[in-house]
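*Asks:* File name final.txt; file contents compact mmCIF, N, CA and C atoms; full text below.
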```txt
# COMPACT_ATOMS: atom_id res chain seq x y z
N MET A 1 106.43 54.51 59.91
CA MET A 1 106.07 55.92 59.84
C MET A 1 104.67 56.16 60.39
N ALA A 2 103.76 55.24 60.18
CA ALA A 2 102.38 55.47 60.61
C ALA A 2 102.20 55.18 62.09
N ASN A 3 101.33 55.93 62.70
CA ASN A 3 101.00 55.77 64.12
C ASN A 3 99.98 54.65 64.26
N SER A 4 100.25 53.70 65.14
CA SER A 4 99.34 52.56 65.25
C SER A 4 97.96 52.98 65.77
N ALA A 5 97.91 54.04 66.56
CA ALA A 5 96.61 54.47 67.11
C ALA A 5 95.74 55.12 66.04
N SER A 6 96.34 55.96 65.20
CA SER A 6 95.51 56.69 64.25
C SER A 6 95.93 56.50 62.79
N GLY A 7 97.04 55.79 62.54
CA GLY A 7 97.49 55.61 61.18
C GLY A 7 98.05 56.86 60.54
N MET A 8 98.44 57.85 61.36
CA MET A 8 98.85 59.16 60.86
C MET A 8 100.37 59.22 60.69
N ALA A 9 100.81 59.66 59.53
CA ALA A 9 102.23 59.87 59.27
C ALA A 9 102.53 61.36 59.43
N VAL A 10 103.81 61.70 59.48
CA VAL A 10 104.22 63.10 59.61
C VAL A 10 105.10 63.43 58.40
N SER A 11 104.72 64.44 57.65
CA SER A 11 105.51 64.80 56.46
C SER A 11 106.88 65.32 56.88
N ASP A 12 107.88 65.07 56.04
CA ASP A 12 109.24 65.54 56.33
C ASP A 12 109.28 67.06 56.43
N GLU A 13 108.42 67.74 55.66
CA GLU A 13 108.40 69.20 55.68
C GLU A 13 108.12 69.71 57.10
N CYS A 14 107.25 69.02 57.84
CA CYS A 14 106.95 69.43 59.22
C CYS A 14 108.21 69.46 60.06
N LYS A 15 108.99 68.38 59.97
CA LYS A 15 110.21 68.29 60.77
C LYS A 15 111.25 69.32 60.33
N LEU A 16 111.39 69.50 59.01
CA LEU A 16 112.38 70.46 58.50
C LEU A 16 112.04 71.90 58.88
N LYS A 17 110.77 72.27 58.74
CA LYS A 17 110.36 73.64 59.10
C LYS A 17 110.51 73.87 60.60
N PHE A 18 110.21 72.83 61.41
CA PHE A 18 110.38 72.98 62.85
C PHE A 18 111.86 73.19 63.19
N GLN A 19 112.76 72.45 62.53
CA GLN A 19 114.20 72.64 62.77
C GLN A 19 114.62 74.07 62.41
N ASP A 20 114.05 74.60 61.31
CA ASP A 20 114.36 75.99 60.93
C ASP A 20 113.88 76.97 62.00
N LEU A 21 112.70 76.72 62.56
CA LEU A 21 112.17 77.59 63.62
C LEU A 21 113.08 77.50 64.85
N LYS A 22 113.46 76.28 65.20
CA LYS A 22 114.24 76.06 66.43
C LYS A 22 115.67 76.58 66.32
N SER A 23 116.36 76.23 65.25
CA SER A 23 117.78 76.57 65.18
C SER A 23 118.09 77.88 64.46
N LYS A 24 117.38 78.15 63.38
CA LYS A 24 117.66 79.37 62.62
C LYS A 24 116.72 80.52 62.96
N ARG A 25 115.64 80.19 63.69
CA ARG A 25 114.62 81.18 64.04
C ARG A 25 114.04 81.83 62.78
N SER A 26 113.84 81.01 61.75
CA SER A 26 113.31 81.46 60.47
C SER A 26 111.84 81.84 60.54
N PHE A 27 111.13 81.28 61.52
CA PHE A 27 109.69 81.52 61.66
C PHE A 27 109.35 81.84 63.10
N ARG A 28 108.29 82.62 63.30
CA ARG A 28 107.79 82.89 64.65
C ARG A 28 106.89 81.74 65.10
N PHE A 29 106.10 81.21 64.14
CA PHE A 29 105.23 80.08 64.47
C PHE A 29 104.97 79.25 63.23
N ILE A 30 104.51 78.03 63.46
CA ILE A 30 104.10 77.14 62.38
C ILE A 30 102.79 76.48 62.81
N THR A 31 101.81 76.47 61.93
CA THR A 31 100.59 75.70 62.22
C THR A 31 100.60 74.47 61.30
N PHE A 32 100.09 73.38 61.85
CA PHE A 32 100.05 72.11 61.14
C PHE A 32 98.61 71.61 61.11
N LYS A 33 98.28 70.89 60.04
CA LYS A 33 96.95 70.28 59.99
C LYS A 33 97.08 68.84 59.52
N ILE A 34 96.06 68.06 59.80
CA ILE A 34 96.03 66.68 59.33
C ILE A 34 95.29 66.66 58.00
N ASP A 35 95.98 66.17 56.99
CA ASP A 35 95.36 65.99 55.68
C ASP A 35 94.70 64.61 55.70
N GLU A 36 93.38 64.60 55.77
CA GLU A 36 92.67 63.33 55.92
C GLU A 36 92.77 62.46 54.66
N GLN A 37 93.01 63.07 53.49
CA GLN A 37 93.14 62.31 52.24
C GLN A 37 94.44 61.49 52.25
N THR A 38 95.55 62.15 52.61
CA THR A 38 96.84 61.47 52.57
C THR A 38 97.19 60.82 53.92
N GLN A 39 96.36 61.06 54.94
CA GLN A 39 96.59 60.50 56.27
C GLN A 39 97.95 60.92 56.83
N GLN A 40 98.26 62.21 56.71
CA GLN A 40 99.50 62.69 57.32
C GLN A 40 99.37 64.13 57.81
N VAL A 41 100.24 64.46 58.75
CA VAL A 41 100.30 65.83 59.27
C VAL A 41 101.17 66.64 58.31
N VAL A 42 100.64 67.80 57.89
CA VAL A 42 101.35 68.67 56.94
C VAL A 42 101.41 70.10 57.48
N VAL A 43 102.33 70.89 56.92
CA VAL A 43 102.44 72.30 57.31
C VAL A 43 101.23 73.05 56.76
N ASP A 44 100.62 73.85 57.62
CA ASP A 44 99.45 74.65 57.23
C ASP A 44 99.87 76.09 56.93
N ARG A 45 100.57 76.70 57.86
CA ARG A 45 100.93 78.11 57.71
C ARG A 45 102.24 78.39 58.44
N LEU A 46 103.06 79.28 57.86
CA LEU A 46 104.33 79.69 58.47
C LEU A 46 104.22 81.15 58.88
N GLY A 47 104.52 81.44 60.14
CA GLY A 47 104.51 82.82 60.61
C GLY A 47 105.89 83.42 60.50
N GLN A 48 105.99 84.57 59.91
CA GLN A 48 107.29 85.21 59.70
C GLN A 48 107.88 85.72 61.03
N PRO A 49 109.21 85.89 61.09
CA PRO A 49 109.85 86.29 62.36
C PRO A 49 109.26 87.56 62.98
N GLY A 50 108.76 88.47 62.17
CA GLY A 50 108.21 89.71 62.70
C GLY A 50 106.76 89.61 63.15
N ASP A 51 106.13 88.45 62.94
CA ASP A 51 104.72 88.29 63.33
C ASP A 51 104.57 88.31 64.86
N THR A 52 103.40 88.76 65.31
CA THR A 52 103.14 88.87 66.74
C THR A 52 102.33 87.67 67.24
N TYR A 53 102.14 87.63 68.55
CA TYR A 53 101.31 86.57 69.13
C TYR A 53 99.87 86.71 68.66
N ASP A 54 99.41 87.94 68.45
CA ASP A 54 98.06 88.15 67.91
C ASP A 54 97.93 87.58 66.50
N ASP A 55 98.98 87.71 65.69
CA ASP A 55 98.96 87.10 64.35
C ASP A 55 98.83 85.58 64.47
N PHE A 56 99.54 85.03 65.44
CA PHE A 56 99.49 83.58 65.67
C PHE A 56 98.08 83.13 66.06
N THR A 57 97.48 83.78 67.05
CA THR A 57 96.15 83.36 67.49
C THR A 57 95.11 83.58 66.39
N ALA A 58 95.29 84.63 65.59
CA ALA A 58 94.35 84.89 64.48
C ALA A 58 94.45 83.82 63.39
N SER A 59 95.58 83.12 63.33
CA SER A 59 95.75 82.09 62.29
C SER A 59 95.03 80.79 62.63
N MET A 60 94.53 80.68 63.86
CA MET A 60 93.81 79.46 64.26
C MET A 60 92.37 79.53 63.76
N PRO A 61 91.94 78.54 62.98
CA PRO A 61 90.57 78.58 62.45
C PRO A 61 89.52 78.41 63.55
N ASP A 62 88.35 79.02 63.34
CA ASP A 62 87.28 78.97 64.35
C ASP A 62 86.68 77.59 64.54
N ASN A 63 86.65 76.78 63.49
CA ASN A 63 85.94 75.50 63.61
C ASN A 63 86.72 74.31 63.06
N GLU A 64 88.06 74.41 63.06
CA GLU A 64 88.91 73.28 62.65
C GLU A 64 90.05 73.13 63.64
N CYS A 65 90.44 71.88 63.87
CA CYS A 65 91.55 71.60 64.77
C CYS A 65 92.89 71.90 64.08
N ARG A 66 93.89 72.19 64.87
CA ARG A 66 95.24 72.39 64.38
C ARG A 66 96.24 72.03 65.48
N TYR A 67 97.46 71.74 65.04
CA TYR A 67 98.61 71.71 65.94
C TYR A 67 99.41 72.96 65.58
N ALA A 68 100.17 73.47 66.54
CA ALA A 68 101.00 74.62 66.24
C ALA A 68 102.21 74.65 67.16
N VAL A 69 103.27 75.28 66.69
CA VAL A 69 104.41 75.60 67.56
C VAL A 69 104.62 77.10 67.47
N TYR A 70 104.98 77.68 68.62
CA TYR A 70 105.19 79.12 68.70
C TYR A 70 106.49 79.38 69.46
N ASP A 71 107.35 80.19 68.87
CA ASP A 71 108.63 80.55 69.49
C ASP A 71 108.39 81.83 70.30
N PHE A 72 108.29 81.68 71.62
CA PHE A 72 107.92 82.78 72.50
C PHE A 72 109.15 83.41 73.16
N ASP A 73 109.39 84.68 72.87
CA ASP A 73 110.49 85.43 73.50
C ASP A 73 109.92 86.18 74.70
N PHE A 74 110.66 86.16 75.79
CA PHE A 74 110.20 86.87 76.99
C PHE A 74 111.38 87.28 77.85
N THR A 75 111.12 88.13 78.82
CA THR A 75 112.13 88.60 79.76
C THR A 75 111.75 88.10 81.15
N THR A 76 112.70 87.46 81.84
CA THR A 76 112.43 86.94 83.18
C THR A 76 112.41 88.08 84.20
N ASP A 77 112.02 87.75 85.43
CA ASP A 77 112.02 88.74 86.50
C ASP A 77 113.42 89.26 86.78
N GLU A 78 114.43 88.46 86.46
CA GLU A 78 115.83 88.88 86.65
C GLU A 78 116.35 89.65 85.44
N ASN A 79 115.45 90.01 84.52
CA ASN A 79 115.77 90.79 83.33
C ASN A 79 116.65 90.04 82.32
N CYS A 80 116.47 88.71 82.24
CA CYS A 80 117.18 87.90 81.24
C CYS A 80 116.27 87.65 80.05
N GLN A 81 116.83 87.78 78.85
CA GLN A 81 116.08 87.46 77.63
C GLN A 81 116.07 85.95 77.45
N LYS A 82 114.88 85.37 77.29
CA LYS A 82 114.77 83.93 77.07
C LYS A 82 113.78 83.65 75.96
N SER A 83 113.77 82.39 75.54
CA SER A 83 112.86 81.95 74.50
C SER A 83 112.42 80.53 74.83
N LYS A 84 111.15 80.24 74.63
CA LYS A 84 110.65 78.87 74.82
C LYS A 84 109.76 78.52 73.64
N ILE A 85 109.83 77.26 73.24
CA ILE A 85 109.00 76.79 72.13
C ILE A 85 107.77 76.10 72.71
N PHE A 86 106.61 76.66 72.37
CA PHE A 86 105.33 76.13 72.83
C PHE A 86 104.73 75.21 71.77
N PHE A 87 104.13 74.14 72.21
CA PHE A 87 103.33 73.28 71.33
C PHE A 87 101.88 73.52 71.73
N VAL A 88 101.05 73.88 70.77
CA VAL A 88 99.65 74.17 71.03
C VAL A 88 98.79 73.15 70.30
N SER A 89 97.91 72.53 71.05
CA SER A 89 96.92 71.63 70.46
C SER A 89 95.59 72.38 70.46
N TRP A 90 95.16 72.81 69.27
CA TRP A 90 93.97 73.65 69.12
C TRP A 90 92.81 72.76 68.68
N SER A 91 91.79 72.67 69.53
CA SER A 91 90.65 71.81 69.24
C SER A 91 89.37 72.53 69.66
N PRO A 92 88.88 73.47 68.82
CA PRO A 92 87.71 74.26 69.21
C PRO A 92 86.46 73.40 69.38
N ASP A 93 85.60 73.83 70.29
CA ASP A 93 84.35 73.10 70.56
C ASP A 93 83.50 72.93 69.31
N THR A 94 83.63 73.88 68.37
CA THR A 94 82.78 73.87 67.17
C THR A 94 83.32 72.95 66.06
N SER A 95 84.49 72.34 66.26
CA SER A 95 85.03 71.46 65.21
C SER A 95 84.32 70.10 65.24
N ARG A 96 84.46 69.36 64.16
CA ARG A 96 83.81 68.05 64.05
C ARG A 96 84.36 67.07 65.09
N VAL A 97 83.50 66.22 65.61
CA VAL A 97 83.91 65.24 66.63
C VAL A 97 85.00 64.32 66.06
N ARG A 98 84.81 63.87 64.82
CA ARG A 98 85.81 62.98 64.19
C ARG A 98 87.17 63.68 64.13
N SER A 99 87.17 64.95 63.79
CA SER A 99 88.41 65.71 63.70
C SER A 99 89.08 65.81 65.07
N LYS A 100 88.29 66.10 66.10
CA LYS A 100 88.85 66.20 67.45
C LYS A 100 89.48 64.88 67.88
N MET A 101 88.81 63.77 67.56
CA MET A 101 89.34 62.45 67.93
C MET A 101 90.63 62.15 67.17
N LEU A 102 90.68 62.50 65.90
CA LEU A 102 91.86 62.27 65.08
C LEU A 102 93.06 63.06 65.61
N TYR A 103 92.84 64.33 65.92
CA TYR A 103 93.93 65.17 66.45
C TYR A 103 94.38 64.67 67.83
N ALA A 104 93.44 64.28 68.67
CA ALA A 104 93.79 63.81 70.01
C ALA A 104 94.61 62.52 69.95
N SER A 105 94.22 61.61 69.06
CA SER A 105 94.92 60.32 69.00
C SER A 105 96.28 60.42 68.30
N SER A 106 96.52 61.47 67.53
CA SER A 106 97.78 61.63 66.81
C SER A 106 98.77 62.56 67.51
N LYS A 107 98.31 63.28 68.51
CA LYS A 107 99.10 64.36 69.11
C LYS A 107 100.44 63.89 69.69
N ASP A 108 100.43 62.85 70.52
CA ASP A 108 101.67 62.46 71.20
C ASP A 108 102.76 62.04 70.23
N ARG A 109 102.37 61.26 69.22
CA ARG A 109 103.38 60.83 68.25
C ARG A 109 103.91 62.03 67.47
N PHE A 110 103.02 62.93 67.06
CA PHE A 110 103.47 64.10 66.30
C PHE A 110 104.42 64.94 67.15
N LYS A 111 104.07 65.13 68.41
CA LYS A 111 104.90 65.94 69.31
C LYS A 111 106.29 65.32 69.47
N ARG A 112 106.36 64.00 69.52
CA ARG A 112 107.66 63.32 69.64
C ARG A 112 108.54 63.57 68.42
N GLU A 113 107.94 63.78 67.26
CA GLU A 113 108.71 64.05 66.04
C GLU A 113 109.39 65.42 66.09
N LEU A 114 108.86 66.32 66.91
CA LEU A 114 109.39 67.68 67.01
C LEU A 114 110.24 67.79 68.27
N ASP A 115 111.52 67.51 68.13
CA ASP A 115 112.41 67.50 69.27
C ASP A 115 112.76 68.93 69.67
N GLY A 116 112.42 69.31 70.91
CA GLY A 116 112.74 70.66 71.37
C GLY A 116 111.54 71.43 71.89
N ILE A 117 110.39 70.76 71.96
CA ILE A 117 109.19 71.39 72.54
C ILE A 117 109.44 71.56 74.04
N GLN A 118 109.15 72.75 74.58
CA GLN A 118 109.40 72.99 76.00
C GLN A 118 108.13 73.12 76.83
N VAL A 119 107.06 73.62 76.22
CA VAL A 119 105.81 73.81 76.95
C VAL A 119 104.66 73.37 76.05
N GLU A 120 103.67 72.70 76.64
CA GLU A 120 102.50 72.29 75.87
C GLU A 120 101.25 72.99 76.39
N LEU A 121 100.43 73.46 75.46
CA LEU A 121 99.14 74.07 75.80
C LEU A 121 98.05 73.35 75.01
N GLN A 122 96.92 73.13 75.66
CA GLN A 122 95.75 72.62 74.96
C GLN A 122 94.69 73.70 75.05
N ALA A 123 94.06 74.02 73.92
CA ALA A 123 93.08 75.10 73.91
C ALA A 123 91.86 74.71 73.09
N THR A 124 90.69 75.08 73.61
CA THR A 124 89.44 74.86 72.87
C THR A 124 88.81 76.19 72.46
N ASP A 125 89.30 77.28 73.04
CA ASP A 125 88.87 78.62 72.60
C ASP A 125 90.01 79.60 72.89
N PRO A 126 89.99 80.77 72.26
CA PRO A 126 91.12 81.71 72.36
C PRO A 126 91.51 82.09 73.80
N SER A 127 90.55 82.11 74.71
CA SER A 127 90.87 82.51 76.09
C SER A 127 91.83 81.52 76.76
N GLU A 128 91.85 80.28 76.28
CA GLU A 128 92.72 79.26 76.88
C GLU A 128 94.16 79.34 76.38
N MET A 129 94.41 80.23 75.43
CA MET A 129 95.79 80.45 74.99
C MET A 129 96.10 81.95 74.94
N SER A 130 95.56 82.67 75.92
CA SER A 130 95.80 84.11 75.99
C SER A 130 97.27 84.39 76.34
N MET A 131 97.71 85.59 76.08
CA MET A 131 99.10 85.97 76.36
C MET A 131 99.43 85.80 77.85
N ASP A 132 98.47 86.08 78.74
CA ASP A 132 98.71 85.91 80.18
C ASP A 132 99.03 84.46 80.52
N ILE A 133 98.30 83.53 79.92
CA ILE A 133 98.52 82.11 80.18
C ILE A 133 99.89 81.70 79.63
N VAL A 134 100.23 82.16 78.43
CA VAL A 134 101.51 81.83 77.82
C VAL A 134 102.67 82.35 78.68
N LYS A 135 102.55 83.60 79.13
CA LYS A 135 103.61 84.16 79.99
C LYS A 135 103.76 83.36 81.28
N ALA A 136 102.63 83.02 81.89
CA ALA A 136 102.67 82.26 83.15
C ALA A 136 103.32 80.89 82.96
N ARG A 137 103.04 80.24 81.84
CA ARG A 137 103.61 78.92 81.58
C ARG A 137 105.09 78.99 81.21
N ALA A 138 105.52 80.12 80.66
CA ALA A 138 106.91 80.27 80.23
C ALA A 138 107.84 80.47 81.42
N LEU A 139 107.35 81.15 82.44
CA LEU A 139 108.24 81.49 83.58
C LEU A 139 108.45 80.33 84.53
```
How does this structure look as structure tokens?

*Replies:*
Amino acid sequence: MANSASGMAVSDECKLKFQDLKSKRSFRFITFKIDEQTQQVVVDRLGQPGDTYDDFTASMPDNECRYAVYDFDFTTDENCQKSKIFFVSWSPDTSRVRSKMLYASSKDRFKRELDGIQVELQATDPSEMSMDIVKARAL
């Protein structure tokens, strides 16, 4: 269960909630954090289906790292309704160096646990995950 690079485990709740987001569309987004006491990735916050992208970006703390998944609905140029699941690695410049290193070294293994990620974004400030960037990456 533990990652050899960082010793980080992933709680079952993370995988179950992600499956609910992916298959049942129970959530608009999920944020995850690393609990340094238990050495595992845990669910931080669940965004309800009616939440907006602004609600999602507002849920990211100013000075702490997070992982997140966001279920993005959009319309293509051909007027087709589509949805893509984004994985966001949030690592603000103001967060602790140790925290940034921990999140960076655990990211790939955590992402592999979440089967169905379609697009990955890395952001250090809100401008790097603006709606324009998300739309461009989705198309």

*Asks:* What's the separation between atom N of Glu64 in chain A and atom C of Lys24 in chain A, in Å to one decimal place?

*Replies:* 29.3 Å

*Asks:* I'd like to know which residues of chain A are helix (DSSP H, G or I) (by DSSP, run on the backbone); could you write them as a PyMOL selection string?

*Replies:* chain A and resi 12-24+53-58+97-113+126-129+131-138

*Asks:* Residues of range 18-109 of chain A classed as strand (DSSP E or B) by DSSP on the backbone are to be reported as a CSV table (one decimal) with N, CA and C atoms, in the frame of the given file.

*Replies:*
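Writing the result to selection_33.csv gives the following:
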```csv
chain,number,residue,atom,x,y,z
A,29,PHE,N,106.1,81.2,64.1
A,29,PHE,CA,105.2,80.1,64.5
A,29,PHE,C,105.0,79.2,63.2
A,30,ILE,N,104.5,78.0,63.5
A,30,ILE,CA,104.1,77.1,62.4
A,30,ILE,C,102.8,76.5,62.8
A,31,THR,N,101.8,76.5,61.9
A,31,THR,CA,100.6,75.7,62.2
A,31,THR,C,100.6,74.5,61.3
A,32,PHE,N,100.1,73.4,61.8
A,32,PHE,CA,100.0,72.1,61.1
A,32,PHE,C,98.6,71.6,61.1
A,33,LYS,N,98.3,70.9,60.0
A,33,LYS,CA,97.0,70.3,60.0
A,33,LYS,C,97.1,68.8,59.5
A,34,ILE,N,96.1,68.1,59.8
A,34,ILE,CA,96.0,66.7,59.3
A,34,ILE,C,95.3,66.7,58.0
A,35,ASP,N,96.0,66.2,57.0
A,35,ASP,CA,95.4,66.0,55.7
A,35,ASP,C,94.7,64.6,55.7
A,40,GLN,N,98.3,62.2,56.7
A,40,GLN,CA,99.5,62.7,57.3
A,40,GLN,C,99.4,64.1,57.8
A,41,VAL,N,100.2,64.5,58.8
A,41,VAL,CA,100.3,65.8,59.3
A,41,VAL,C,101.2,66.6,58.3
A,42,VAL,N,100.6,67.8,57.9
A,42,VAL,CA,101.4,68.7,56.9
A,42,VAL,C,101.4,70.1,57.5
A,43,VAL,N,102.3,70.9,56.9
A,43,VAL,CA,102.4,72.3,57.3
A,43,VAL,C,101.2,73.0,56.8
A,44,ASP,N,100.6,73.8,57.6
A,44,ASP,CA,99.4,74.6,57.2
A,44,ASP,C,99.9,76.1,56.9
A,45,ARG,N,100.6,76.7,57.9
A,45,ARG,CA,100.9,78.1,57.7
A,45,ARG,C,102.2,78.4,58.4
A,46,LEU,N,103.1,79.3,57.9
A,46,LEU,CA,104.3,79.7,58.5
A,46,LEU,C,104.2,81.2,58.9
A,47,GLY,N,104.5,81.4,60.1
A,47,GLY,CA,104.5,82.8,60.6
A,47,GLY,C,105.9,83.4,60.5
A,66,ARG,N,93.9,72.2,64.9
A,66,ARG,CA,95.2,72.4,64.4
A,66,ARG,C,96.2,72.0,65.5
A,67,TYR,N,97.5,71.7,65.0
A,67,TYR,CA,98.6,71.7,65.9
A,67,TYR,C,99.4,73.0,65.6
A,68,ALA,N,100.2,73.5,66.5
A,68,ALA,CA,101.0,74.6,66.2
A,68,ALA,C,102.2,74.6,67.2
A,69,VAL,N,103.3,75.3,66.7
A,69,VAL,CA,104.4,75.6,67.6
A,69,VAL,C,104.6,77.1,67.5
A,70,TYR,N,105.0,77.7,68.6
A,70,TYR,CA,105.2,79.1,68.7
A,70,TYR,C,106.5,79.4,69.5
A,71,ASP,N,107.4,80.2,68.9
A,71,ASP,CA,108.6,80.6,69.5
A,71,ASP,C,108.4,81.8,70.3
A,72,PHE,N,108.3,81.7,71.6
A,72,PHE,CA,107.9,82.8,72.5
A,72,PHE,C,109.2,83.4,73.2
A,73,ASP,N,109.4,84.7,72.9
A,73,ASP,CA,110.5,85.4,73.5
A,73,ASP,C,109.9,86.2,74.7
A,74,PHE,N,110.7,86.2,75.8
A,74,PHE,CA,110.2,86.9,77.0
A,74,PHE,C,111.4,87.3,77.8
A,75,THR,N,111.1,88.1,78.8
A,75,THR,CA,112.1,88.6,79.8
A,75,THR,C,111.8,88.1,81.2
A,81,GLN,N,116.8,87.8,78.8
A,81,GLN,CA,116.1,87.5,77.6
A,81,GLN,C,116.1,86.0,77.4
A,82,LYS,N,114.9,85.4,77.3
A,82,LYS,CA,114.8,83.9,77.1
A,82,LYS,C,113.8,83.6,76.0
A,83,SER,N,113.8,82.4,75.5
A,83,SER,CA,112.9,82.0,74.5
A,83,SER,C,112.4,80.5,74.8
A,84,LYS,N,111.2,80.2,74.6
A,84,LYS,CA,110.6,78.9,74.8
A,84,LYS,C,109.8,78.5,73.6
A,85,ILE,N,109.8,77.3,73.2
A,85,ILE,CA,109.0,76.8,72.1
A,85,ILE,C,107.8,76.1,72.7
A,86,PHE,N,106.6,76.7,72.4
A,86,PHE,CA,105.3,76.1,72.8
A,86,PHE,C,104.7,75.2,71.8
A,87,PHE,N,104.1,74.1,72.2
A,87,PHE,CA,103.3,73.3,71.3
A,87,PHE,C,101.9,73.5,71.7
A,88,VAL,N,101.0,73.9,70.8
A,88,VAL,CA,99.6,74.2,71.0
A,88,VAL,C,98.8,73.2,70.3
A,89,SER,N,97.9,72.5,71.0
A,89,SER,CA,96.9,71.6,70.5
A,89,SER,C,95.6,72.4,70.5
A,90,TRP,N,95.2,72.8,69.3
A,90,TRP,CA,94.0,73.6,69.1
A,90,TRP,C,92.8,72.8,68.7
```

*Asks:* Give me the residues within 8 Å of Tyr70 in chain A as an NGL selection string, counting only C-alpha atoms and dropping any in the same chain fewer than 6 places off.

*Replies:* :A and (28-30 or 56 or 85-88)

*Asks:* Using only C-alpha atoms, which of A:Asp55, A:Asp62, A:Asp71, A:Asp132 sits nearest Lys84 in chain A?

*Replies:*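 Ranking A:Asp55, A:Asp62, A:Asp71, A:Asp132 by distance to Lys84 in chain A, first place goes to A:Asp71.
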
*Asks:* Under the rule that only C-alpha atoms are counted, which of A:Thr124, A:Ser83, A:Gln39, A:Ser91 is the nearest residue to Met8 in chain A?

*Replies:*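 When distances to Met8 in chain A are compared using only C-alpha atoms, the smallest one comes from A:Gln39.
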
*Asks:* By how many Å are atom C of Cys65 in chain A and CA of Lys82 in chain A apart?

*Replies:*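 Computed distance, atom C of Cys65 in chain A to CA of Lys82 in chain A, equals 28.1 Å.
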
*Asks:* Using atom N of Val69 in chain A and atom N of Phe32 in chain A as the two end points, give the distance in Å to one decimal.

*Replies:*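 Atom-to-atom, atom N of Val69 in chain A to atom N of Phe32 in chain A, that is 6.1 Å.
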
*Asks:* Name the closest residue to Pro61 in chain A among the candidates A:Pro92, A:Leu121, A:Asp35, A:Val97; distances are taken between atoms, counting all atoms listed in the file.

*Replies:*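 Of A:Pro92, A:Leu121, A:Asp35, A:Val97, the one nearest Pro61 in chain A is A:Pro92, counting all atoms listed in the file.
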
*Asks:* My list of candidates is A:Ser95, A:Ser105, A:Ala136, A:Gln122. Which is closest to Asn63 in chain A when distances are computed with all atoms listed in the file?

*Replies:*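 Among the listed residues, the smallest separation from Asn63 in chain A belongs to A:Ser95.
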